[in-house]
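Asks: See model14.csv below, with CSV, C-alpha atoms.
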chain,number,residue,atom,x,y,z
J,12,MET,CA,116.7,35.3,122.6
J,13,ARG,CA,114.1,37.2,120.6
J,14,ARG,CA,110.5,36.0,120.9
J,15,PHE,CA,107.3,37.0,119.2
J,16,LEU,CA,104.0,36.2,120.8
J,17,ILE,CA,100.9,36.6,118.6
J,18,VAL,CA,97.4,36.4,120.1
J,19,GLY,CA,94.9,34.9,117.6
J,20,HIS,CA,91.5,35.9,118.9
J,21,ARG,CA,89.4,33.9,116.5
J,22,ALA,CA,92.2,31.6,115.2
J,23,ASP,CA,90.8,28.1,115.0
J,24,SER,CA,92.4,26.0,117.8
J,25,THR,CA,90.9,22.7,116.5
J,26,GLY,CA,92.9,22.7,113.3
J,27,HIS,CA,89.7,22.0,111.3
J,28,PHE,CA,90.0,24.9,109.0
J,29,LYS,CA,90.4,25.0,105.2
J,30,LEU,CA,93.8,25.8,103.8
J,31,ASP,CA,91.9,27.4,100.9
J,32,ASP,CA,90.2,29.9,103.3
J,33,LEU,CA,92.6,30.9,106.0
J,34,PRO,CA,91.1,34.3,106.6
J,35,GLY,CA,87.5,33.0,107.0
J,36,SER,CA,87.4,29.4,108.1
J,37,GLY,CA,90.8,29.8,109.9
J,38,GLY,CA,89.8,32.9,111.8
J,39,ARG,CA,92.5,35.1,110.3
J,40,MET,CA,94.9,32.2,110.3
J,41,ASP,CA,96.6,34.0,107.4
J,42,ILE,CA,97.9,36.6,109.9
J,43,LEU,CA,99.3,34.0,112.2
J,44,ALA,CA,101.0,32.0,109.4
J,45,MET,CA,102.6,35.1,107.9
J,46,SER,CA,103.6,36.5,111.2
J,47,ALA,CA,105.4,33.2,112.0
J,48,SER,CA,107.2,33.5,108.6
J,49,ALA,CA,108.0,37.1,109.1
J,50,ALA,CA,109.5,36.3,112.5
J,51,LEU,CA,111.5,33.2,111.6
J,52,PHE,CA,112.7,33.6,108.0
J,53,LEU,CA,115.7,35.3,106.5
J,54,SER,CA,116.2,35.3,102.8
J,55,HIS,CA,118.1,31.9,102.9
J,56,GLY,CA,117.1,30.1,106.1
J,57,LEU,CA,115.8,30.4,109.6
J,58,ARG,CA,116.7,32.8,112.3
J,59,GLU,CA,118.2,30.6,115.0
J,60,ASP,CA,117.8,33.2,117.8
J,61,VAL,CA,114.0,33.6,117.3
J,62,GLU,CA,111.0,31.9,118.9
J,63,VAL,CA,107.4,32.3,117.8
J,64,TRP,CA,104.5,31.6,120.2
J,65,LEU,CA,101.1,31.6,118.6
J,66,VAL,CA,97.9,31.5,120.8
J,67,PHE,CA,94.7,30.2,119.3
J,68,ASN,CA,91.6,31.3,121.0
J,69,GLY,CA,88.9,30.6,118.4
J,70,GLY,CA,87.3,27.7,116.6
J,71,LYS,CA,84.0,26.0,117.3
J,72,GLY,CA,84.1,23.8,120.3
J,73,GLY,CA,87.8,24.4,120.7
J,74,SER,CA,89.8,25.1,123.8
J,75,PRO,CA,92.8,27.5,123.8
J,76,ARG,CA,96.0,26.1,122.3
J,77,THR,CA,99.5,27.4,122.0
J,78,ILE,CA,102.1,26.6,119.4
J,79,ARG,CA,105.8,27.3,120.0
J,80,ILE,CA,108.2,27.3,117.1
J,81,ILE,CA,111.9,27.3,118.0
J,82,GLY,CA,114.0,28.7,115.2
J,83,SER,CA,117.1,26.8,116.1
J,84,GLU,CA,115.3,23.5,116.1
J,85,ALA,CA,112.7,23.9,113.3
J,86,ARG,CA,112.7,21.8,110.2
J,87,TYR,CA,110.5,21.3,107.2
J,88,LEU,CA,109.2,24.9,107.3
J,89,PHE,CA,108.7,27.1,104.2
J,90,PRO,CA,108.0,30.8,104.2
J,91,ASP,CA,104.9,30.9,102.1
J,92,GLU,CA,101.6,31.3,103.9
J,93,ARG,CA,100.0,28.1,102.9
J,94,ASN,CA,102.9,25.9,103.8
J,95,MET,CA,103.3,27.6,107.2
J,96,ALA,CA,99.5,27.3,107.8
J,97,SER,CA,99.6,23.6,106.8
J,98,MET,CA,102.3,22.8,109.4
J,99,ILE,CA,100.3,24.7,112.1
J,100,ARG,CA,97.1,22.9,111.1
J,101,ASN,CA,98.7,19.5,111.3
J,102,ALA,CA,100.1,20.2,114.7
J,103,LEU,CA,96.7,21.4,116.0
J,104,ILE,CA,94.9,18.3,114.6
J,105,ARG,CA,97.5,15.9,116.0
J,106,TYR,CA,97.2,17.3,119.5
J,107,HIS,CA,94.9,15.4,121.9
J,108,GLY,CA,94.9,15.7,125.6
J,109,LYS,CA,97.2,17.5,127.9
J,110,GLY,CA,100.8,18.5,128.2
J,111,GLU,CA,103.0,19.5,125.3
J,112,LEU,CA,103.3,17.5,122.0
J,113,LYS,CA,106.3,17.9,119.7
J,114,ALA,CA,104.5,17.9,116.4
J,115,THR,CA,107.5,18.3,114.2
J,116,PRO,CA,111.1,19.3,115.0
J,117,GLY,CA,111.0,22.7,116.7
J,118,MET,CA,107.2,22.9,116.7
J,119,TYR,CA,105.4,22.2,120.0
J,120,VAL,CA,101.7,22.4,120.7
J,121,SER,CA,100.0,22.5,124.1
J,122,ASP,CA,96.8,23.5,125.9
J,123,THR,CA,98.5,26.5,127.6
J,124,ASP,CA,96.3,29.5,127.7
J,125,LEU,CA,97.3,33.2,127.3
J,126,LYS,CA,97.5,33.8,131.0
J,127,ASP,CA,100.1,31.0,131.5
J,128,VAL,CA,101.8,31.9,128.2
J,129,LEU,CA,102.4,35.4,129.6
J,130,ARG,CA,103.7,34.0,132.9
J,131,LEU,CA,106.0,31.6,131.2
J,132,THR,CA,107.5,34.0,128.7
J,133,ALA,CA,107.9,36.7,131.3
J,134,GLU,CA,110.1,34.4,133.4
J,135,ASP,CA,113.1,34.8,131.1
J,136,SER,CA,112.4,37.9,129.1
J,137,GLU,CA,111.3,41.5,129.1
J,138,MET,CA,107.8,41.9,127.8
J,139,ILE,CA,107.0,44.6,125.2
J,140,TYR,CA,103.5,45.2,123.8
J,141,LEU,CA,103.7,46.5,120.3
J,142,LYS,CA,100.9,49.1,120.0
J,143,GLU,CA,100.6,52.5,118.3
J,144,GLU,CA,100.4,54.5,121.5
J,145,GLY,CA,103.6,53.2,123.0
J,146,GLU,CA,107.0,54.8,123.2
J,147,ASP,CA,108.8,55.1,119.9
J,148,VAL,CA,111.0,52.1,119.2
J,149,ARG,CA,113.8,54.4,118.0
J,150,GLU,CA,113.9,56.2,121.3
J,151,SER,CA,113.8,53.0,123.3
J,152,GLU,CA,116.2,50.5,124.9
J,153,ILE,CA,115.5,46.9,124.0
J,154,SER,CA,117.2,44.1,125.9
J,155,GLU,CA,118.5,41.0,124.2
J,156,ASN,CA,115.9,38.8,125.8
J,157,THR,CA,112.6,40.2,124.9
J,158,THR,CA,109.1,38.9,124.1
J,159,PHE,CA,107.2,41.1,121.6
J,160,VAL,CA,103.5,40.7,122.1
J,161,LEU,CA,101.0,41.5,119.2
J,162,GLY,CA,97.4,41.0,118.5
J,163,ASP,CA,96.2,39.6,115.2
J,164,SER,CA,93.7,41.8,113.2
J,165,GLU,CA,92.6,43.2,116.6
J,166,ASP,CA,94.5,44.7,119.4
J,167,LEU,CA,94.5,42.8,122.7
J,168,THR,CA,91.2,43.0,124.5
J,169,PRO,CA,91.1,45.2,127.7
J,170,ALA,CA,91.3,42.0,129.8
J,171,GLU,CA,94.3,40.6,127.9
J,172,GLU,CA,96.0,44.0,128.0
J,173,SER,CA,95.5,44.2,131.8
J,174,MET,CA,97.1,40.7,132.2
J,175,LEU,CA,100.1,41.8,130.1
J,176,MET,CA,100.6,45.1,131.7
J,177,SER,CA,100.2,43.6,135.2
J,178,ILE,CA,103.4,41.6,134.7
J,179,GLY,CA,105.4,44.7,133.9
J,180,ALA,CA,105.1,45.0,130.1
J,181,ARG,CA,106.1,48.2,128.3
J,182,LYS,CA,104.2,49.5,125.3
J,183,MET,CA,106.2,50.3,122.2
J,184,SER,CA,105.3,51.9,118.9
J,185,LEU,CA,106.8,51.4,115.4
J,186,GLY,CA,105.8,54.9,114.4
J,187,PRO,CA,102.7,56.5,113.0
J,188,THR,CA,101.8,53.9,110.3
J,189,HIS,CA,99.3,51.3,111.3
J,190,MET,CA,100.6,48.0,110.0
J,191,HIS,CA,99.4,44.5,109.7
J,192,THR,CA,100.8,42.2,112.4
J,193,TRP,CA,103.2,40.4,110.0
J,194,GLN,CA,104.4,43.8,108.8
J,195,ALA,CA,105.0,44.9,112.4
J,196,VAL,CA,106.9,41.7,113.1
J,197,THR,CA,109.1,42.3,110.0
J,198,VAL,CA,109.9,45.8,111.1
J,199,MET,CA,110.6,44.8,114.7
J,200,ASN,CA,113.1,42.2,113.5
J,201,TYR,CA,114.7,44.9,111.3
J,202,GLU,CA,115.0,47.4,114.2
J,203,VAL,CA,116.5,44.8,116.5
J,204,ASP,CA,118.9,43.6,113.8
J,205,ARG,CA,120.1,47.2,113.2
J,206,ARG,CA,121.0,47.5,116.9
J,207,SER,CA,122.7,44.1,117.1
J,208,ASN,CA,124.8,45.1,114.1
J,209,GLY,CA,125.5,48.5,115.4
J,210,SER,CA,123.9,50.1,112.3
J,211,ASP,CA,121.0,51.9,114.1
L,11,MET,CA,104.3,58.6,94.3
L,12,ARG,CA,106.0,55.5,95.7
L,13,ARG,CA,106.4,52.5,93.4
L,14,PHE,CA,107.7,49.0,93.9
L,15,LEU,CA,108.8,47.0,90.9
L,16,ILE,CA,109.3,43.3,91.5
L,17,VAL,CA,111.0,41.1,88.9
L,18,GLY,CA,109.6,37.6,88.8
L,19,HIS,CA,112.2,35.5,87.0
L,20,ARG,CA,110.3,32.3,87.0
L,21,ALA,CA,106.8,33.7,87.8
L,22,ASP,CA,104.3,32.1,85.4
L,23,SER,CA,103.1,34.7,83.0
L,24,THR,CA,100.3,32.5,81.6
L,25,GLY,CA,98.3,32.4,84.8
L,26,HIS,CA,98.0,28.7,84.5
L,27,PHE,CA,99.4,27.9,87.9
L,28,LYS,CA,97.8,26.3,91.0
L,29,LEU,CA,96.7,28.5,93.8
L,30,ASP,CA,97.5,25.5,96.1
L,31,ASP,CA,101.2,25.5,94.9
L,32,LEU,CA,102.3,29.1,94.4
L,33,PRO,CA,106.0,28.5,95.1
L,34,GLY,CA,106.3,25.5,92.7
L,35,SER,CA,103.7,25.7,89.9
L,36,GLY,CA,103.6,29.5,90.1
L,37,GLY,CA,107.4,30.0,90.0
L,38,ARG,CA,107.6,31.7,93.4
L,39,MET,CA,104.3,33.4,92.8
L,40,ASP,CA,104.0,33.5,96.7
L,41,ILE,CA,106.8,36.1,96.7
L,42,LEU,CA,105.1,38.3,94.1
L,43,ALA,CA,101.7,38.1,95.9
L,44,MET,CA,103.1,38.8,99.4
L,45,SER,CA,105.3,41.7,98.0
L,46,ALA,CA,102.2,43.3,96.5
L,47,SER,CA,100.4,43.0,99.8
L,48,ALA,CA,103.4,44.3,101.7
L,49,ALA,CA,103.6,47.3,99.4
L,50,LEU,CA,99.9,48.2,99.2
L,51,PHE,CA,98.3,47.3,102.5
L,52,LEU,CA,98.0,49.2,105.8
L,53,SER,CA,96.3,47.7,108.8
L,54,HIS,CA,92.9,48.9,107.7
L,55,GLY,CA,93.0,49.7,104.0
L,56,LEU,CA,95.2,50.4,101.0
L,57,ARG,CA,98.0,52.9,100.6
L,58,GLU,CA,96.7,55.4,98.0
L,59,ASP,CA,100.2,56.8,97.1
L,60,VAL,CA,101.7,53.4,96.2
L,61,GLU,CA,101.9,51.5,92.9
L,62,VAL,CA,103.2,48.0,92.4
L,63,TRP,CA,104.5,46.7,89.1
L,64,LEU,CA,105.1,43.0,88.8
L,65,VAL,CA,107.0,41.5,85.9
L,66,PHE,CA,106.4,37.9,85.0
L,67,ASN,CA,109.2,36.3,83.1
L,68,GLY,CA,108.4,32.5,83.5
L,69,GLY,CA,105.8,29.9,82.6
L,70,LYS,CA,105.8,27.3,79.9
L,71,GLY,CA,105.2,28.9,76.5
L,72,GLY,CA,104.6,32.3,78.0
L,73,SER,CA,105.7,35.7,77.0
L,74,PRO,CA,106.7,38.4,79.5
L,75,ARG,CA,103.7,40.1,81.2
L,76,THR,CA,103.5,43.1,83.5
L,77,ILE,CA,100.8,43.8,86.0
L,78,ARG,CA,100.4,47.3,87.5
L,79,ILE,CA,98.4,47.7,90.7
L,80,ILE,CA,97.4,51.3,91.5
L,81,GLY,CA,96.7,51.8,95.2
L,82,SER,CA,94.4,54.7,94.7
L,83,GLU,CA,92.2,52.9,92.3
L,84,ALA,CA,92.4,49.3,93.5
L,85,ARG,CA,89.3,47.4,94.7
L,86,TYR,CA,88.4,43.8,95.7
L,87,LEU,CA,91.9,43.2,97.1
L,88,PHE,CA,92.6,41.3,100.3
L,89,PRO,CA,96.0,41.1,101.9
L,90,ASP,CA,96.4,37.3,102.3
L,91,GLU,CA,98.6,35.6,99.9
L,92,ARG,CA,96.0,33.3,98.2
L,93,ASN,CA,93.5,36.1,97.5
L,94,MET,CA,96.2,38.4,96.1
L,95,ALA,CA,97.6,35.5,93.9
L,96,SER,CA,94.1,34.7,92.8
L,97,MET,CA,93.5,38.3,91.5
L,98,ILE,CA,96.9,38.2,89.7
L,99,ARG,CA,96.0,34.8,88.2
L,100,ASN,CA,92.7,36.0,86.9
L,101,ALA,CA,94.2,39.1,85.3
L,102,LEU,CA,96.9,37.0,83.6
L,103,ILE,CA,94.4,34.4,82.3
L,104,ARG,CA,92.0,37.1,81.0
L,105,TYR,CA,94.8,38.8,79.0
L,106,HIS,CA,94.9,38.0,75.3
L,107,GLY,CA,96.7,40.0,72.7
L,108,LYS,CA,98.4,43.3,72.9
L,109,GLY,CA,98.1,46.6,74.7
L,110,GLU,CA,96.9,47.0,78.2
L,111,LEU,CA,93.9,45.4,79.8
L,112,LYS,CA,92.1,46.7,82.9
L,113,ALA,CA,91.4,43.4,84.6
L,114,THR,CA,89.8,44.8,87.7
L,115,PRO,CA,89.7,48.3,89.1
L,116,GLY,CA,93.3,49.5,89.6
L,117,MET,CA,94.8,46.3,88.2
L,118,TYR,CA,96.3,46.5,84.7
L,119,VAL,CA,98.0,43.7,82.7
L,120,SER,CA,100.1,44.2,79.5
L,121,ASP,CA,102.8,42.6,77.4
L,122,THR,CA,105.4,45.2,78.4
L,123,ASP,CA,108.7,43.6,79.1
L,124,LEU,CA,111.3,44.5,81.7
L,125,LYS,CA,113.3,46.8,79.4
L,126,ASP,CA,110.2,48.9,78.6
L,127,VAL,CA,109.0,48.8,82.2
L,128,LEU,CA,112.3,50.3,83.3
L,129,ARG,CA,112.1,53.0,80.6
L,130,LEU,CA,108.5,53.8,81.6
L,131,THR,CA,109.0,53.9,85.4
L,132,ALA,CA,112.2,56.0,85.0
L,133,GLU,CA,110.3,58.7,83.1
L,134,ASP,CA,108.6,60.0,86.3
L,135,SER,CA,110.7,58.7,89.2
L,136,GLU,CA,114.1,58.1,90.6
L,137,MET,CA,115.2,54.5,90.3
L,138,ILE,CA,116.6,52.6,93.3
L,139,TYR,CA,117.8,49.0,93.3
L,140,LEU,CA,117.4,47.4,96.7
L,141,LYS,CA,120.5,45.3,97.1
L,142,GLU,CA,122.7,44.4,100.0
L,143,GLU,CA,125.8,46.1,98.7
L,144,GLY,CA,124.2,49.5,98.2
L,145,GLU,CA,124.4,52.6,100.3
L,146,ASP,CA,122.7,52.3,103.6
L,147,VAL,CA,119.0,53.6,103.5
L,148,ARG,CA,119.5,55.5,106.7
L,149,GLU,CA,122.4,57.5,105.2
L,150,SER,CA,120.5,58.2,102.0
L,151,GLU,CA,118.2,60.8,100.5
L,152,ILE,CA,115.1,59.4,98.9
L,153,SER,CA,112.9,61.6,96.7
L,154,GLU,CA,109.1,61.5,96.9
L,155,ASN,CA,108.8,60.0,93.5
L,156,THR,CA,110.8,56.8,93.6
L,157,THR,CA,110.7,53.4,92.0
L,158,PHE,CA,112.2,50.7,94.2
L,159,VAL,CA,113.3,47.7,92.2
L,160,LEU,CA,113.7,44.2,93.7
L,161,GLY,CA,114.3,40.7,92.5
L,162,ASP,CA,112.2,37.8,93.7
L,163,SER,CA,114.0,34.9,95.3
L,164,GLU,CA,117.0,35.8,93.1
L,165,ASP,CA,118.7,39.1,92.6
L,166,LEU,CA,118.5,40.7,89.1
L,167,THR,CA,120.6,38.9,86.5
L,168,PRO,CA,123.7,40.7,85.4
L,169,ALA,CA,121.9,41.7,82.2
L,170,GLU,CA,118.9,43.0,84.1
L,171,GLU,CA,121.1,44.9,86.5
L,172,SER,CA,123.0,46.5,83.6
L,173,MET,CA,119.8,47.7,82.1
L,174,LEU,CA,118.7,49.2,85.4
L,175,MET,CA,122.0,50.8,86.2
L,176,SER,CA,122.3,52.2,82.7
L,177,ILE,CA,119.2,54.4,83.3
L,178,GLY,CA,120.8,56.0,86.3
L,179,ALA,CA,119.6,53.8,89.2
L,180,ARG,CA,121.3,53.9,92.6
L,181,LYS,CA,121.8,50.8,94.8
L,182,MET,CA,120.5,51.0,98.3
L,183,SER,CA,120.8,48.6,101.2
L,184,LEU,CA,118.4,47.9,104.1
L,185,GLY,CA,121.3,46.9,106.3
L,186,PRO,CA,123.2,43.7,107.0
L,187,THR,CA,120.2,41.3,107.2
L,188,HIS,CA,119.3,39.5,104.1
L,189,MET,CA,115.5,39.5,103.8
L,190,HIS,CA,112.8,38.0,101.6
L,191,THR,CA,111.5,40.4,99.0
L,192,TRP,CA,108.2,41.0,100.8
L,193,GLN,CA,110.1,41.7,104.0
L,194,ALA,CA,112.3,44.2,102.2
L,195,VAL,CA,109.2,45.9,100.7
L,196,THR,CA,107.7,46.1,104.2
L,197,VAL,CA,110.8,47.7,105.7
L,198,MET,CA,111.2,50.1,102.8
L,199,ASN,CA,107.7,51.4,103.2
L,200,TYR,CA,108.5,51.8,106.9
L,201,GLU,CA,111.6,53.8,106.3
L,202,VAL,CA,109.9,56.1,103.8
L,203,ASP,CA,106.9,56.5,106.2
L,204,ARG,CA,109.3,57.6,108.9
L,205,ARG,CA,110.7,60.3,106.7
L,206,SER,CA,107.3,61.5,105.5
L,207,ASN,CA,106.2,61.8,109.1
L,208,GLY,CA,109.4,63.4,110.3
L,209,SER,CA,110.0,60.6,112.8
L,210,ASP,CA,113.2,59.3,111.2
Spit out the file's structure as structure tokens when you get a sec.
Replies:
Amino acid sequence: MRRFLIVGHRADSTGHFKLDDLPGSGGRMDILAMSASAALFLSHGLREDVEVWLVFNGGKGGSPRTIRIIGSEARYLFPDERNMASMIRNALIRYHGKGELKATPGMYVSDTDLKDVLRLTAEDSEMIYLKEEGEDVRESEISENTTFVLGDSEDLTPAEESMLMSIGARKMSLGPTHMHTWQAVTVMNYEVDRRSNGSD
Amino acid sequence: MRRFLIVGHRADSTGHFKLDDLPGSGGRMDILAMSASAALFLSHGLREDVEVWLVFNGGKGGSPRTIRIIGSEARYLFPDERNMASMIRNALIRYHGKGELKATPGMYVSDTDLKDVLRLTAEDSEMIYLKEEGEDVRESEISENTTFVLGDSEDLTPAEESMLMSIGARKMSLGPTHMHTWQAVTVMNYEVDRRSNGSD
């Protein structure tokens, strides 16, 4: 199973942002929405072997929230930015209290914070931090069960990076070009697809 | 110079579409906007060596329109879908009459149709049609001056494909995964970047 974990440093965890202003009022919610699309969508449908975990650490008066989207279960998703952001927004607004809420088929929201997200995802997968200074993806082994961790418009903070590296993550690079998060997710899917299909 | 040419079969050439409904009222304008972003944007700025040409062939009562975005000249662009679509919409609405209008720095709109777009772009570049059945990109030579041609949510029509192939285009494939247009643009940039940097 392939998993993408995106850390939204300013992404509004309350859901009270404007769909007309995802970069500003959403705290770069555009990046989270497009990264989810890039991870989950093929030309004609969803990737059944992909999960996306989005961590929301921003928003006035908000507490950390995490949304999991499971490709094999997901319904009612469309790949354009606004539709994806709208589904995320609805899930965040509907969430009250503790535990995990199934907001829509395949979309789960909880109050899990990054530390616990890292612990949970590391239980069943290898952890890879996508960052420019890492080993080149084309020189690297990637196991079938991997969680790829990315920041949003900012890299992980030093504290976040320490947490991630302390559970045994490797750093991996997609080459010399500095991409947006959703571009990096697209390219990582492509690199792993190539290996799965023996065309690397 | 690297150029991406996206053919919007139903994309509203009048500009009178809703920013809140790019897939529907815009005729999959979401795909054109995200493809432009994927082509032009790096993590922190624009690619100066990239041009994007978007052909709009839809919209009620509309005539074909073409927008050229020149990375080295462009200003006021943001990578999120709505902002990019908004700039495109304004350019289309402001265009009246014939010839080419400079709508904003680096963004030009004209009444050029696909046939003439193909003729113009083929004058100074090699033409490559990105399609699943083509030769594998990793087995192929790509010259520095290339125009990559892609459909939107649909491949080129047989008539469009004939026009393109008749001017000497090659078909190239990004491998066995069928991607959205904006994902294919992202991956093509990545593949060419790898060659330019000698890391392929």
Asks: With all atoms listed in the file considered, list every residue of chain J at most 8 Å from chain L, as a list in words.
Replies: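 Every residue meeting the condition is included here: Asp31, Pro34, Asp41, Ile42, Ala49, Phe52, Leu53, Ser54, His55, Asp91, Glu92, Arg93, Ser164, Gly186, Pro187, Thr188, His189, Met190, His191, Thr192, Gln194, Thr197, Val198, Tyr201, Asp204, Arg205, Asn208 and Ser210 of chain J.
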Asks: Please save C-alpha atoms of the selected residues as a short mmCIF file (atom, residue, chain, number, x, y, z; two decimals), in the frame of the given file.
Replies:
data_model
loop_
_atom_site.label_atom_id
_atom_site.label_comp_id
_atom_site.auth_asym_id
_atom_site.auth_seq_id
_atom_site.Cartn_x
_atom_site.Cartn_y
_atom_site.Cartn_z
CA ASP J 31 91.90 27.40 100.90
CA PRO J 34 91.10 34.30 106.60
CA ASP J 41 96.60 34.00 107.40
CA ILE J 42 97.90 36.60 109.90
CA ALA J 49 108.00 37.10 109.10
CA PHE J 52 112.70 33.60 108.00
CA LEU J 53 115.70 35.30 106.50
CA SER J 54 116.20 35.30 102.80
CA HIS J 55 118.10 31.90 102.90
CA ASP J 91 104.90 30.90 102.10
CA GLU J 92 101.60 31.30 103.90
CA ARG J 93 100.00 28.10 102.90
CA SER J 164 93.70 41.80 113.20
CA GLY J 186 105.80 54.90 114.40
CA PRO J 187 102.70 56.50 113.00
CA THR J 188 101.80 53.90 110.30
CA HIS J 189 99.30 51.30 111.30
CA MET J 190 100.60 48.00 110.00
CA HIS J 191 99.40 44.50 109.70
CA THR J 192 100.80 42.20 112.40
CA GLN J 194 104.40 43.80 108.80
CA THR J 197 109.10 42.30 110.00
CA VAL J 198 109.90 45.80 111.10
CA TYR J 201 114.70 44.90 111.30
CA ASP J 204 118.90 43.60 113.80
CA ARG J 205 120.10 47.20 113.20
CA ASN J 208 124.80 45.10 114.10
CA SER J 210 123.90 50.10 112.30
#
Asks: CA of Ala46 in chain L and CA of His27 in chain J are how many Å apart?
Replies: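 Calculated distance between CA of Ala46 in chain L and CA of His27 in chain J is 28.8 Å.
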Asks: Return the single residue from J:Leu167, J:Val203, J:Ala44, J:Leu131 that is closest to Ile99 in chain J, with distances computed using all atoms listed in the file.
Replies: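 Selected residue with least distance to Ile99 in chain J: J:Ala44.
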Asks: Which neighbours of Arg104 in chain L fall inside 9 Å, counting only C-alpha atoms, when residues of the same chain fewer than 6 positions from it are skipped, and could you give them as a list in words?
Replies: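 With the cut-off at 9 Å, the set is Gly25, Leu111 and Ala113 of chain L.
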Asks: Selection from above, C-alpha atoms, as an mmCIF file, keeping the file's coordinate frame, can you write it?
Replies:
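Everything below was put into part.cif:
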data_model
loop_
_atom_site.group_PDB
_atom_site.id
_atom_site.type_symbol
_atom_site.label_atom_id
_atom_site.label_comp_id
_atom_site.auth_asym_id
_atom_site.auth_seq_id
_atom_site.Cartn_x
_atom_site.Cartn_y
_atom_site.Cartn_z
ATOM 1 C CA GLY L 25 98.300 32.400 84.800
ATOM 2 C CA LEU L 111 93.900 45.400 79.800
ATOM 3 C CA ALA L 113 91.400 43.400 84.600
#
Asks: Leaving out Glu137 in chain J and any residue of its chain fewer than 3 positions from it, which residues lie within 8 Å of it when counting only C-alpha atoms, given as a VMD selection string?
Replies: chain J and resid 133 154 156 to 158 180
Asks: Would you save the residues from that selection as an mmCIF file, in the frame of the given file, using C-alpha atoms?
Replies:
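Saved result, selection35.cif, follows:
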data_model
loop_
_atom_site.group_PDB
_atom_site.id
_atom_site.type_symbol
_atom_site.label_atom_id
_atom_site.label_comp_id
_atom_site.auth_asym_id
_atom_site.auth_seq_id
_atom_site.Cartn_x
_atom_site.Cartn_y
_atom_site.Cartn_z
ATOM 1 C CA ALA J 133 107.900 36.700 131.300
ATOM 2 C CA SER J 154 117.200 44.100 125.900
ATOM 3 C CA ASN J 156 115.900 38.800 125.800
ATOM 4 C CA THR J 157 112.600 40.200 124.900
ATOM 5 C CA THR J 158 109.100 38.900 124.100
ATOM 6 C CA ALA J 180 105.100 45.000 130.100
#
Asks: List every protein, DNA or RNA residue that has at least one atom no more than 9 Å from (102.8, 24.6, 83.0) in the file's coordinates, counting all atoms listed in the file, and write the result as an mmCIF file with C-alpha atoms, keeping the file's coordinate frame.
Replies:
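Just written: result_26.cif:
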data_model
loop_
_atom_site.group_PDB
_atom_site.id
_atom_site.type_symbol
_atom_site.label_atom_id
_atom_site.label_comp_id
_atom_site.auth_asym_id
_atom_site.auth_seq_id
_atom_site.Cartn_x
_atom_site.Cartn_y
_atom_site.Cartn_z
ATOM 1 C CA ASP L 22 104.300 32.100 85.400
ATOM 2 C CA THR L 24 100.300 32.500 81.600
ATOM 3 C CA HIS L 26 98.000 28.700 84.500
ATOM 4 C CA PHE L 27 99.400 27.900 87.900
ATOM 5 C CA SER L 35 103.700 25.700 89.900
ATOM 6 C CA GLY L 36 103.600 29.500 90.100
ATOM 7 C CA GLY L 69 105.800 29.900 82.600
ATOM 8 C CA LYS L 70 105.800 27.300 79.900
ATOM 9 C CA GLY L 71 105.200 28.900 76.500
#
Asks: What does the distance between CA of Thr114 in chain L and CA of Val159 in chain L come to in Å, to one decimal place?
Replies: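 CA of Val159 in chain L lies 24.1 Å from CA of Thr114 in chain L.
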Asks: As an exercise, work out the distance from CA of Glu83 in chain L to CA of Met117 in chain L in Å and give it to one decimal place.
Replies: 8.2 Å
Asks: Do you know which residues are at most 10 Å from Glu61 in chain L counting only C-alpha atoms, after dropping those on the same chain fewer than 2 positions away, and could you put them as a ChimeraX atom specification?
Replies: /L:11-15,46,49-50,57-59,63-64,78-84,116-117,157
